[in-house]
>>> print(open('input.cif').read())   # mmCIF, C-alpha atoms and all ligand atoms
data_work
loop_
_atom_site.label_atom_id
_atom_site.label_comp_id
_atom_site.auth_asym_id
_atom_site.auth_seq_id
_atom_site.Cartn_x
_atom_site.Cartn_y
_atom_site.Cartn_z
CA MET E 1 17.62 -10.65 30.60
CA LYS E 2 18.02 -13.50 33.00
CA THR E 3 18.61 -15.91 30.20
CA LEU E 4 21.44 -13.80 28.90
CA LEU E 5 23.24 -13.64 32.20
CA THR E 6 22.72 -17.18 33.41
CA ASN E 7 23.45 -18.83 30.09
CA GLN E 8 26.59 -16.87 29.62
CA LEU E 9 27.77 -17.59 33.11
CA ARG E 10 27.05 -21.30 32.78
CA LYS E 11 28.94 -21.55 29.55
CA GLY E 12 31.79 -19.44 30.84
CA LYS E 13 32.05 -17.85 27.44
CA LEU E 14 31.41 -14.30 28.39
CA ILE E 15 34.38 -12.39 27.16
CA PHE E 16 32.97 -9.01 26.36
CA LEU E 17 29.43 -8.36 27.34
CA LEU E 18 28.02 -5.08 26.22
CA CYS E 19 24.59 -4.83 27.69
CA LEU E 20 21.86 -2.44 26.73
CA PHE E 21 19.70 -2.87 29.76
CA ILE E 22 19.25 -0.69 32.74
CA ILE E 23 20.77 -1.23 36.14
CA THR E 24 17.49 -2.29 37.74
CA HIS E 25 17.38 -5.29 35.44
CA ILE E 26 20.89 -6.25 36.38
CA VAL E 27 20.15 -6.00 40.07
CA SER E 28 17.06 -8.16 39.66
CA CYS E 29 19.28 -10.94 38.32
CA LYS E 30 21.77 -10.69 41.15
CA LYS E 31 20.11 -13.04 43.58
CA GLU E 32 19.61 -15.74 40.99
CA ASN E 33 23.21 -15.55 39.86
CA ASN E 34 24.56 -15.89 43.37
CA GLU E 35 22.32 -18.83 44.11
CA LYS E 36 22.84 -20.77 40.94
CA ASP E 37 26.38 -20.04 39.98
CA ALA E 38 28.14 -19.39 43.25
CA VAL E 39 30.09 -16.56 41.75
CA PRO E 40 32.66 -15.03 44.11
CA VAL E 41 31.53 -11.56 45.05
CA ASN E 42 33.62 -8.52 44.22
CA THR E 43 36.76 -10.18 42.93
CA LYS E 44 39.21 -7.80 41.26
CA ASP E 45 40.55 -7.48 37.74
CA GLU E 46 43.08 -4.68 37.96
CA LYS E 47 44.06 -4.88 34.30
CA LEU E 48 40.46 -4.53 33.15
CA TYR E 49 39.85 -1.72 35.61
CA GLN E 50 42.92 0.15 34.42
CA THR E 51 41.93 -0.38 30.79
CA LEU E 52 38.53 1.17 31.45
CA ILE E 53 40.20 4.13 33.15
CA GLU E 54 42.61 4.40 30.26
CA GLY E 55 39.59 4.28 27.94
CA GLY E 56 38.43 7.52 29.49
CA VAL E 57 35.86 6.25 31.99
CA LYS E 58 35.92 8.10 35.28
CA ALA E 59 36.40 5.96 38.38
CA GLU E 60 33.08 7.10 39.86
CA ASN E 61 31.31 5.71 36.79
CA ILE E 62 32.68 2.21 37.33
CA LYS E 63 30.64 0.18 39.81
CA GLU E 64 31.26 -3.34 41.03
CA LEU E 65 28.58 -5.95 40.63
CA ASN E 66 29.74 -9.42 41.61
CA GLU E 67 31.98 -10.62 38.79
CA TYR E 68 31.34 -7.55 36.64
CA TYR E 69 32.33 -3.96 36.39
CA VAL E 70 29.28 -1.94 35.44
CA VAL E 71 30.13 1.19 33.49
CA GLU E 72 27.68 4.06 33.24
CA GLY E 73 24.87 1.92 34.57
CA ASP E 74 24.40 -0.38 31.63
CA MET E 75 27.60 -1.77 30.24
CA LEU E 76 28.97 -4.90 31.84
CA PHE E 77 32.55 -6.08 31.68
CA LYS E 78 33.29 -9.45 33.20
CA LYS E 79 36.27 -9.54 35.49
CA ASN E 80 39.11 -11.82 34.41
CA LYS E 81 37.12 -12.98 31.37
CA THR E 82 37.06 -9.86 29.25
CA ASP E 83 39.15 -9.56 26.11
CA LEU E 84 41.14 -6.40 26.88
CA LYS E 85 42.04 -5.98 23.23
CA LYS E 86 38.35 -5.61 22.38
CA VAL E 87 37.87 -3.16 25.21
CA ARG E 88 40.76 -1.11 23.86
CA GLU E 89 39.25 -1.23 20.39
CA TYR E 90 35.84 -0.28 21.69
CA PHE E 91 37.10 2.76 23.55
CA ASN E 92 39.44 3.69 20.73
CA ILE E 93 42.34 3.68 23.16
CA GLY E 94 45.17 5.33 21.33
CA SER E 95 42.76 7.79 19.72
CA SER E 96 41.67 10.94 21.44
CA LEU E 97 38.01 10.55 22.41
CA THR E 98 37.06 12.71 25.37
CA GLU E 99 34.91 11.28 28.14
CA PRO E 100 31.83 13.25 26.95
CA GLU E 101 32.34 11.72 23.52
CA ILE E 102 32.64 8.24 24.99
CA LEU E 103 29.52 8.72 27.10
CA LYS E 104 27.66 10.04 24.07
CA LYS E 105 28.72 6.95 22.13
CA MET E 106 27.41 4.75 24.90
CA ALA E 107 24.16 6.70 25.20
CA SER E 108 23.49 6.15 21.52
CA LEU E 109 23.52 2.42 22.21
CA LYS E 110 21.10 2.47 25.11
CA THR E 111 17.58 1.24 24.82
CA THR E 112 14.85 3.51 26.05
CA PRO E 113 13.47 1.99 29.25
CA ASN E 114 9.92 3.11 28.66
CA PRO E 115 8.29 0.66 26.27
CA ILE E 116 4.62 0.75 25.53
CA SER E 117 2.64 -2.29 24.50
CA GLN E 118 2.11 -4.06 21.16
CA TRP E 119 1.31 -2.32 17.91
CA ASN E 120 0.57 -3.53 14.44
CA THR E 121 1.06 -1.93 11.05
CA PRO E 122 -1.97 -0.63 9.11
CA THR E 123 -1.75 -3.61 6.75
CA ILE E 124 -1.45 -7.11 8.06
CA ILE E 125 -1.46 -10.48 6.28
CA SER E 126 -4.80 -11.86 5.10
CA SER E 127 -6.20 -14.84 6.95
CA VAL E 128 -5.80 -17.05 3.87
CA ASN E 129 -2.18 -16.01 3.32
CA VAL E 130 -0.99 -16.16 6.92
CA GLU E 131 -1.11 -19.94 6.94
CA ARG E 132 0.92 -20.25 3.76
CA ILE E 133 3.79 -17.81 4.19
CA LYS E 134 6.73 -19.03 2.14
CA TYR E 135 10.32 -18.32 3.02
CA ASN E 136 13.81 -18.93 1.70
CA ILE E 137 17.36 -18.25 2.88
CA GLY E 138 20.26 -17.09 0.77
CA GLY E 139 23.90 -16.52 1.63
CA LEU E 140 23.67 -16.86 5.39
CA SER E 141 25.80 -19.04 7.63
CA TYR E 142 24.63 -22.31 9.15
CA GLU E 143 24.32 -20.52 12.51
CA TRP E 144 22.00 -17.87 11.10
CA GLN E 145 19.97 -20.51 9.25
CA THR E 146 19.54 -22.46 12.47
CA ALA E 147 18.34 -19.31 14.21
CA ILE E 148 15.86 -18.63 11.40
CA PHE E 149 14.51 -22.20 11.50
CA SER E 150 13.88 -21.94 15.23
CA ALA E 151 12.55 -18.39 15.09
CA LEU E 152 9.92 -19.42 12.53
CA GLU E 153 8.92 -22.28 14.80
CA LYS E 154 8.54 -19.92 17.77
CA TRP E 155 5.86 -18.01 15.87
CA VAL E 156 3.94 -21.04 14.55
CA THR E 157 3.85 -22.77 17.93
CA ILE E 158 2.17 -19.91 19.76
CA PRO E 159 -1.09 -21.55 20.83
CA ASP E 160 -4.16 -20.71 18.76
CA VAL E 161 -2.47 -18.73 16.00
CA LYS E 162 -2.97 -19.46 12.34
CA ILE E 163 0.56 -18.47 11.31
CA ASN E 164 2.36 -21.14 9.27
CA PHE E 165 5.48 -21.27 7.08
CA TYR E 166 6.59 -23.20 4.04
CA TYR E 167 10.14 -23.45 2.70
CA ASP E 168 10.21 -22.49 -0.97
CA TYR E 169 13.57 -22.00 -2.64
CA LEU E 170 11.96 -21.37 -6.01
CA THR E 171 10.18 -18.13 -5.26
CA PRO E 172 11.77 -14.95 -6.64
CA GLN E 173 12.73 -12.45 -3.94
CA LEU E 174 10.07 -9.87 -4.62
CA ALA E 175 7.32 -8.11 -2.74
CA GLY E 176 3.86 -9.54 -3.31
CA ASN E 177 4.83 -13.22 -3.30
CA ASN E 178 3.90 -13.80 0.35
CA THR E 179 7.50 -14.91 0.79
CA ILE E 180 10.08 -13.79 3.33
CA SER E 181 13.60 -13.94 1.88
CA PHE E 182 16.35 -14.03 4.50
CA THR E 183 19.61 -12.74 3.04
CA ASP E 184 22.85 -11.00 3.89
CA ASP E 185 22.42 -7.22 3.93
CA GLY E 186 25.13 -6.75 1.31
CA GLY E 187 26.53 -3.86 3.33
CA ILE E 188 23.26 -1.87 3.39
CA LEU E 189 22.78 -1.76 7.15
CA ALA E 190 24.68 0.53 9.47
CA TYR E 191 27.34 -1.23 11.49
CA ASP E 192 25.29 -1.16 14.67
CA VAL E 193 22.04 -2.45 13.11
CA ILE E 194 21.87 -6.21 13.28
CA ALA E 195 19.00 -6.93 10.90
CA GLN E 196 15.95 -5.40 9.28
CA GLY E 197 12.54 -6.84 8.49
CA VAL E 198 9.88 -5.46 6.16
CA PHE E 199 6.22 -4.90 7.02
CA PRO E 200 3.39 -6.70 5.19
CA SER E 201 1.84 -5.24 2.06
CA SER E 202 -1.18 -6.18 -0.09
CA ASP E 203 -2.22 -9.01 2.25
CA ASN E 204 1.24 -10.59 1.94
CA ALA E 205 3.95 -11.09 4.56
CA GLY E 206 6.83 -8.61 4.55
CA TYR E 207 9.09 -9.76 1.74
CA ARG E 208 12.50 -9.85 3.30
CA VAL E 209 14.77 -9.86 6.33
CA ILE E 210 18.31 -8.67 5.76
CA VAL E 211 21.00 -9.65 8.23
CA ASN E 212 24.11 -7.64 8.99
CA THR E 213 26.55 -10.57 9.18
CA ASP E 214 29.44 -8.33 10.26
CA PHE E 215 27.29 -6.47 12.79
CA TYR E 216 29.24 -4.27 15.17
CA ASN E 217 32.59 -5.06 13.60
CA ASN E 218 31.96 -8.81 13.84
CA TYR E 219 30.70 -8.74 17.39
CA PRO E 220 30.21 -12.38 18.47
CA VAL E 221 26.40 -12.65 18.44
CA THR E 222 25.44 -15.79 20.37
CA ALA E 223 23.02 -18.41 19.05
CA SER E 224 20.46 -17.05 21.49
CA GLY E 225 21.13 -13.52 20.28
CA LYS E 226 20.61 -14.59 16.68
CA LEU E 227 17.37 -16.34 17.63
CA TYR E 228 16.08 -13.28 19.50
CA ASN E 229 16.77 -11.02 16.55
CA MET E 230 15.21 -13.35 13.99
CA VAL E 231 12.05 -13.72 16.09
CA HIS E 232 11.94 -9.91 16.24
CA GLU E 233 12.43 -9.40 12.48
CA ILE E 234 9.85 -12.05 11.58
CA GLY E 235 7.52 -10.15 13.90
CA HIS E 236 7.97 -7.13 11.63
CA CYS E 237 7.21 -9.28 8.55
CA LEU E 238 4.02 -10.37 10.31
CA GLY E 239 3.00 -6.76 10.85
CA LEU E 240 4.23 -5.92 14.31
CA ARG E 241 5.74 -2.53 15.00
CA HIS E 242 8.20 -1.77 17.76
CA SER E 243 6.30 -1.98 21.02
CA ASN E 244 8.26 1.06 22.16
CA TRP E 245 8.01 3.06 18.92
CA GLN E 246 6.72 6.15 20.68
CA SER E 247 9.50 6.44 23.21
CA ARG E 248 12.00 5.78 20.41
CA GLY E 249 10.56 8.73 18.51
CA GLU E 250 9.53 6.64 15.50
CA THR E 251 6.76 7.96 13.28
CA GLN E 252 3.31 6.53 13.88
CA SER E 253 2.61 5.75 10.20
CA GLY E 254 -0.69 4.14 11.05
CA ALA E 255 0.57 2.06 13.99
CA GLN E 256 -2.44 0.62 15.78
CA LEU E 257 -2.55 -0.64 19.33
CA VAL E 258 -3.41 -4.35 19.33
CA ASN E 259 -6.57 -5.00 21.32
CA GLY E 260 -5.95 -6.57 24.70
CA THR E 261 -2.36 -5.36 25.05
CA PRO E 262 -1.45 -2.91 27.82
CA GLN E 263 0.30 0.44 27.98
CA THR E 264 3.72 -0.95 28.93
CA ASP E 265 5.53 -4.18 28.13
CA GLY E 266 9.25 -4.15 28.81
CA SER E 267 9.36 -7.89 28.06
CA SER E 268 8.07 -7.64 24.48
CA VAL E 269 10.29 -9.23 21.85
CA MET E 270 9.18 -6.36 19.62
CA ASN E 271 10.83 -3.57 21.60
CA GLY E 272 13.34 -1.72 19.44
CA GLY E 273 16.94 -0.93 20.32
CA THR E 274 17.51 -4.48 21.50
CA ALA E 275 20.05 -5.89 19.02
CA LEU E 276 22.19 -7.33 21.80
CA TYR E 277 19.34 -9.05 23.64
CA THR E 278 19.05 -12.82 23.77
CA TRP E 279 15.99 -15.02 23.49
CA ASN E 280 13.95 -15.33 26.66
CA GLY E 281 10.57 -16.26 25.21
CA PHE E 282 7.65 -14.15 24.08
CA SER E 283 6.02 -11.87 26.62
CA SER E 284 2.44 -12.79 27.48
CA TYR E 285 1.29 -9.75 25.51
CA ASP E 286 3.34 -10.71 22.45
CA ILE E 287 1.33 -13.94 22.51
CA ILE E 288 -1.96 -12.05 22.87
CA ALA E 289 -0.94 -9.79 19.97
CA ALA E 290 -0.28 -12.78 17.67
CA GLN E 291 -3.51 -14.46 18.74
CA THR E 292 -5.48 -11.27 18.21
CA MET E 293 -4.00 -10.51 14.78
CA TYR E 294 -4.02 -14.05 13.40
CA PRO E 295 -6.71 -16.15 15.10
CA TYR E 296 -8.21 -19.31 13.67
CA GLY E 297 -11.64 -18.80 12.15
CA PRO E 298 -14.55 -21.16 12.90
CA TYR E 299 -13.80 -23.42 9.91
CA ASP E 300 -9.99 -23.26 9.90
CA LYS E 301 -9.61 -26.70 11.42
CA TRP E 302 -12.15 -28.37 9.16
CA ILE E 303 -9.59 -30.28 7.06
CA THR E 304 -7.66 -32.63 9.32
CA SER E 305 -5.35 -34.23 6.74
CA PRO E 306 -3.15 -33.28 4.92
CA GLU E 307 -2.63 -30.66 7.60
CA GLY E 308 0.35 -29.72 9.72
CA LYS E 309 2.60 -26.98 10.95
CA TYR E 310 6.07 -25.92 9.93
CA SER E 311 8.83 -27.65 11.89
CA SER E 312 12.38 -26.45 12.57
CA THR E 313 13.69 -30.04 12.34
CA TYR E 314 14.14 -29.80 8.61
CA GLY E 315 13.04 -26.20 8.25
CA THR E 316 10.21 -27.18 5.95
CA GLY E 317 6.47 -27.03 5.87
CA PHE E 318 4.25 -30.06 6.21
CA SER E 319 5.03 -32.94 3.82
CA LEU E 320 3.62 -36.19 2.47
CA PHE E 321 5.36 -39.14 0.87
CA LEU E 322 4.02 -41.08 -2.12
CA LEU E 323 5.52 -44.16 -3.75
CA ASN E 324 4.05 -43.23 -7.15
CA TYR E 325 2.83 -39.87 -8.31
CA ASN E 326 -0.61 -41.29 -9.20
CA ASP E 327 -1.22 -42.97 -5.83
CA PRO E 328 -4.36 -41.69 -4.14
CA VAL E 329 -3.96 -39.24 -1.26
CA GLN E 330 -6.39 -39.60 1.60
CA ILE E 331 -8.14 -36.38 2.52
CA THR E 332 -9.91 -36.26 5.88
CA TRP E 333 -12.06 -33.60 7.54
CA ASN E 334 -14.09 -33.13 10.70
CA GLN E 335 -17.51 -34.29 9.48
CA ASN E 336 -19.22 -32.84 12.57
CA LEU E 337 -17.88 -29.31 12.25
CA VAL E 338 -20.23 -28.17 9.49
CA SER E 339 -23.76 -29.44 9.29
CA THR E 340 -23.99 -30.28 5.61
CA SER E 341 -24.89 -33.46 3.75
CA ALA E 342 -22.23 -32.98 1.07
CA ILE E 343 -18.93 -31.20 0.50
CA ASP E 344 -16.79 -30.15 -2.47
CA LEU E 345 -13.02 -30.60 -2.60
CA SER E 346 -10.65 -28.72 -4.89
CA LEU E 347 -6.92 -28.66 -5.52
CA TYR E 348 -4.56 -25.63 -5.39
CA GLN E 349 -0.89 -25.17 -6.12
CA ASP E 350 0.91 -22.00 -4.98
CA GLY E 351 -2.48 -20.47 -4.26
CA VAL E 352 -3.79 -21.08 -7.78
CA PHE E 353 -6.85 -23.27 -8.48
CA ILE E 354 -5.84 -26.46 -10.35
CA THR E 355 -8.93 -28.68 -10.51
CA ASN E 356 -12.04 -29.88 -8.74
CA ILE E 357 -11.32 -33.06 -6.83
CA GLY E 358 -15.00 -33.74 -6.46
CA THR E 359 -18.33 -32.05 -5.87
CA GLY E 360 -21.26 -33.28 -3.82
CA ILE E 361 -19.04 -35.72 -1.93
CA PRO E 362 -20.98 -37.29 0.98
CA ASN E 363 -19.96 -35.73 4.30
CA THR E 364 -18.32 -38.88 5.68
CA GLY E 365 -15.05 -37.24 6.74
CA SER E 366 -12.82 -39.05 4.25
CA TYR E 367 -12.10 -39.16 0.51
CA SER E 368 -9.18 -40.48 -1.54
CA TYR E 369 -8.01 -39.01 -4.81
CA PRO E 370 -4.86 -39.23 -7.00
CA ILE E 371 -4.06 -35.52 -6.85
CA GLY E 372 -0.58 -36.07 -8.33
CA ASN E 373 -2.21 -36.58 -11.73
CA TYR E 374 -3.04 -32.88 -11.80
CA LEU E 375 -0.14 -31.21 -10.05
CA GLN E 376 2.89 -29.67 -11.70
CA LEU E 377 6.08 -31.60 -10.91
CA SER E 378 9.10 -29.80 -9.49
CA SER E 379 12.03 -29.26 -11.85
CA SER E 380 13.82 -32.21 -10.24
CA GLY E 381 10.83 -34.41 -11.13
CA THR E 382 10.76 -35.91 -7.65
CA SER E 383 8.25 -33.75 -5.80
CA PHE E 384 5.17 -31.56 -5.90
CA HIS E 385 5.40 -28.21 -4.19
CA LYS E 386 3.05 -25.70 -2.58
CA VAL E 387 -0.02 -27.96 -2.64
CA GLN E 388 -3.25 -27.11 -0.82
CA ILE E 389 -6.68 -28.69 -0.70
CA ARG E 390 -9.82 -26.64 -0.21
CA ILE E 391 -13.08 -27.90 1.23
CA ASN E 392 -16.44 -26.17 1.11
CA SER E 393 -20.01 -27.03 1.93
CA SER E 394 -21.92 -28.02 -1.20
CA GLU E 395 -24.95 -26.22 0.26
CA ASN E 396 -23.08 -23.00 1.09
CA THR E 397 -19.84 -22.66 -0.84
CA SER E 398 -18.69 -19.70 1.25
CA ILE E 399 -18.21 -22.04 4.23
CA SER E 400 -14.74 -23.28 3.46
CA ASP E 401 -11.24 -24.16 4.68
CA TYR E 402 -7.84 -24.60 3.08
CA SER E 403 -5.40 -27.28 4.20
CA SER E 404 -1.88 -26.27 5.17
CA MET E 405 0.41 -25.73 2.21
CA PHE E 406 2.35 -28.98 1.89
CA TYR E 407 4.76 -30.74 -0.39
CA ILE E 408 4.75 -34.29 -1.68
CA THR E 409 7.96 -36.28 -2.05
CA LEU E 410 7.97 -39.11 -4.59
CA ASP E 411 9.99 -42.26 -4.23
ZN ZN J 1 12.77 -3.92 14.92
#
>>> encode(input="input.cif", output="structure tokens")
Amino acid sequence: MKTLLTNQLRKGKLIFLLCLFIITHIVSCKKENNEKDAVPVNTKDEKLYQTLIEGGVKAENIKELNEYYVVEGDMLFKKNKTDLKKVREYFNIGSSLTEPEILKKMASLKTTPNPISQWNTPTIISSVNVERIKYNIGGLSYEWQTAIFSALEKWVTIPDVKINFYYDYLTPQLAGNNTISFTDDGGILAYDVIAQGVFPSSDNAGYRVIVNTDFYNNYPVTASGKLYNMVHEIGHCLGLRHSNWQSRGETQSGAQLVNGTPQTDGSSVMNGGTALYTWNGFSSYDIIAAQTMYPYGPYDKWITSPEGKYSSTYGTGFSLFLLNYNDPVQITWNQNLVSTSAIDLSLYQDGVFITNIGTGIPNTGSYSYPIGNYLQLSSSGTSFHKVQIRINSSENTSISDYSSMFYITLD
């Protein structure tokens, strides 16, 4: 909440702020706004005030709050910065809505201020798959892509979670591929629904997020608003339900309370009815939920190279560079993690076994091998995609670890 107000004030871009939060939240921001932004208190904007009246709002339902008029407790209109044309459109001025109809319209937009903790779906992503979730983006603007890149990074950089992503434009957009496809909604979503994610199935991440690019009659969703919503939808693809599903009257459908999360969490990024929120970080219980659902296992950090997390810089997974396809790749592992005299290494591409790299390799922590000799080249002939290396103890093959999924670029 605070981020929304202070950022907007700082940028001076707030032309029409329709807020879905309750008055107590607004009041809690008041002190900070006065201190940081030195906003003149209770200035007037007669034209805006008259437009609201003309829109059917009764005078007693318009309250002053510093540089805003607050209507019905949870809609804010910034004085002298609000686009009156949009206000007129919103209230259908010129049409014949009665005040009860207007208030009903507003009520339908309100979030329910009684959220309850973090919940996951009955099926979540398997531990092997959660560190190799692929994704692709189709038909979305640069601004939405940027939001998706950052939103993915928010999830992978939660401390001590195994979640990882890999950009893969080749994967068909189907369920069961452990791939999240981000696309335009193609007109499927209702005008007031900003986006929709899909829950996991069969150990795979939810297969798509559709984005309503003309949400709310092309309401100007800020970069921070886009980021908030993409973090939220990815949360669904990872198996998180709305934290406030009960108070929203959603069906339980197997929703399970995540261990260690409490009975209320108004700060959860997974609360529903929040399309107009902006990014203000995960709540502490969102973080606990991710850590509880997708923790590292005891051997998950055994391979130390090639190993790395998704980065929003290029929006890709971890990558390596080779001058020639048959150059050896150095594989390293923590030789002290598993007490074994020898290890086996094997090569995978898109989750499919390709070949044994070696068996009975002395547990020295390092081994080089020209894996490019065995991998399938991309169609461009300049890279190898979706590569993983697996290590296991030669003495107990069930003690094992996969590297991150990575790609190799050739010169
Ligand atoms: Zn949702």
>>> closest_residue(input="input.cif", among="E:Leu238, E:Ile408, E:Ile158, E:Leu152", to="ligand ZN 1 (chain J)", atoms="only C-alpha atoms and all ligand atoms")
E:Leu238
>>> residues_near_ligand(input="input.cif", ligand="ligand ZN 1 (chain J)", cutoff="9 Å", atoms="all atoms listed in the file", output="ChimeraX atom specification")
/E:195-197,229,232-233,235-236,240-242,270-275
>>> atom_distance(input="input.cif", atom1="CA of Phe384 (chain E)", atom2="CA of Tyr348 (chain E)")
11.4 Å
>>> atom_distance(input="input.cif", atom1="CA of Gly254 (chain E)", atom2="CA of Gly297 (chain E)")
25.4 Å
>>> closest_residue(input="input.cif", among="E:Ser247, E:Thr261, E:Thr123, E:Thr213", to="Pro200 (chain E)", atoms="only C-alpha atoms")
E:Thr123
>>> residues_around(input="input.cif", residues="Ile343 (chain E)", least_positions_apart="2", cutoff="9 Å", atoms="only C-alpha atoms", output="short mmCIF file (atom, residue, chain, number, x, y, z; two decimals) with C-alpha atoms, in the frame of the given file")
data_model
loop_
_atom_site.label_atom_id
_atom_site.label_comp_id
_atom_site.auth_asym_id
_atom_site.auth_seq_id
_atom_site.Cartn_x
_atom_site.Cartn_y
_atom_site.Cartn_z
CA THR E 340 -23.99 -30.28 5.61
CA SER E 341 -24.89 -33.46 3.75
CA LEU E 345 -13.02 -30.60 -2.60
CA GLY E 358 -15.00 -33.74 -6.46
CA THR E 359 -18.33 -32.05 -5.87
CA GLY E 360 -21.26 -33.28 -3.82
CA ILE E 361 -19.04 -35.72 -1.93
CA PRO E 362 -20.98 -37.29 0.98
CA ASN E 363 -19.96 -35.73 4.30
CA ILE E 391 -13.08 -27.90 1.23
CA ASN E 392 -16.44 -26.17 1.11
CA SER E 393 -20.01 -27.03 1.93
CA SER E 394 -21.92 -28.02 -1.20
CA GLU E 395 -24.95 -26.22 0.26
CA THR E 397 -19.84 -22.66 -0.84
#
>>> closest_residue(input="input.cif", among="E:Asn373, E:Ser400, E:Ser253, E:Ser141", to="Val211 (chain E)", atoms="all atoms listed in the file")
E:Ser141
>>> residues_near_point(input="input.cif", point="(10.4, -6.4, -3.1)", cutoff="9 Å", atoms="all atoms listed in the file", output="number ranges by chain")
E: 173-177, 206-208
>>> atom_distance(input="input.cif", atom1="CA of Lys301 (chain E)", atom2="CA of Gln330 (chain E)")
16.5 Å
